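Read through the structure below, which is laid out as structure tokens, and then see the notes.
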Amino acid sequence: MGLEEAAKAWYDKWADQCPLIAFIRPRNIRDAGLSLYSRLHNIRNGSNWLWPVAWFDLFPVLIDLPHLQLNNSSDKLIWKDNNASIILFSTWGVWNIIRKREQEVPWYKIVWFSQCILCHSFLMWLILQRKLKTQDQMMRWGGGGNLNMRLLCCSLCQRGPDSHNHLFFECDFSQQVWSGVKGLAGMSNVSEKLEDIMDWLMVRAKSRSVRSVIGRLLVAATTYYVWQ
Ligand SMILES: [Zn+2]
């Protein structure tokens with residue numbers, strides 16, 4: 001639908017002076033034989049306005065209404081970007097304009113790729129930033145409440161507090177899990193150390209090869225289930 005059919009004559013902002021209902025009262029509109037529900041094309045005939053000529057004295061602001069050049073093209077949603085240029089509106093475009101940008105991290109392709117499983121990737125994202133609430137971190141915060149931090153120990157092996165490196169996959173239990181699955185992704189030679197695993201993934205992260213994708217999927221899934 002074009003602007004003339006779509007825009008409500010009195011209520012929409014189709015010019016700087018709008019909405020006209022801000023200063024033209026409903027009674028004025030009815031007295032002029034026009035409808036409150038008029039669309040823009042109902043109050044125009046070519047380039048002439050269909051309201052009484054006296055309105056230009058009553059409401060001088062009408063004199064300054066722009067000479068609208070309307071065509072039959074459809075309405076478009078637009079948006080002003082950071083350079084004040086008008087662009088077509090899209091949620092993708094707007095998000096890119098308003099979002100905060102950080103330096104690109106070298107490991108992002110290990111975490112985010114088109115075949116990734118989002119809940120697994122989210123956990124990988126936390127792990128790579130060492131943001132999981134592991135016991136070594138909790139001990140650093142100090143004891144609060146009734147929790148005795150010295151009693152914390154890994155629930156998989158009970159051999160002292162867990163940490164990112166311990167869980168992925170130096171812990172006796174998770175090391176067995178890792179040994180069991182790594183061959184499936186051709187990673188048999190990769191040790192159980194998180195750094196070694198990330199190094200292996202990093203050099204292949206930008207590749208779309210099956211091996212690279214499976215490697216990333218496998219590491220993400222394994223860490224996910226160990227953490228669970
Ligand atoms: Zn353990």
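Identifiers in this document derive from the order of the structure tokens: chains are assigned A, B, ..., residues are numbered from 1 separately in each chain, and ligands are numbered from 1 in order of occurrence.
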
Residues near segment 94-104 of chain A, cut-off 12 Å, only C-alpha atoms, skip fewer than 6 positions along chain, as a VMD selection string = chain A and resid 77 to 88

Return as a PyMOL selection string the residues of protein, DNA or RNA that approach ligand 1 to within 7 Å, with only C-alpha atoms and all ligand atoms taken into account.
-> chain A and resi 154-159+162+166-167+171-173

Return as a ChimeraX atom specification the full set of residues in segment 31-216 of chain A whose backbone-based DSSP assignment is alpha helix (DSSP H).
-> /A:31,55-58,91-98,108-111,118-128,135-141,164-165,172-181,194-204,210-216

For Ala54 of chain A, which residue out of A:Ala32, A:Leu68, A:Leu20, A:Leu132 is the nearest one, using only C-alpha atoms?
->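 Of all the options, A:Ala32 lies closest to Ala54 of chain A.
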
Atom pair atom CA of Gln228 of chain A / atom CA of Pro106 of chain A: separation (Å) |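 Computed distance, atom CA of Gln228 of chain A to atom CA of Pro106 of chain A, equals 26.8 Å.
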
Determine which residues of segment 46-176 of chain A receive a DSSP assignment of strand (DSSP E), computed from the backbone, and state them as a list of chain:residue names.
->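 The strand (DSSP E) subset of segment 46-176 of chain A is A:Asn48, A:Trp49, A:Ile78, A:Trp79, A:Lys80, A:Ile86, A:Ile87, A:Leu88.
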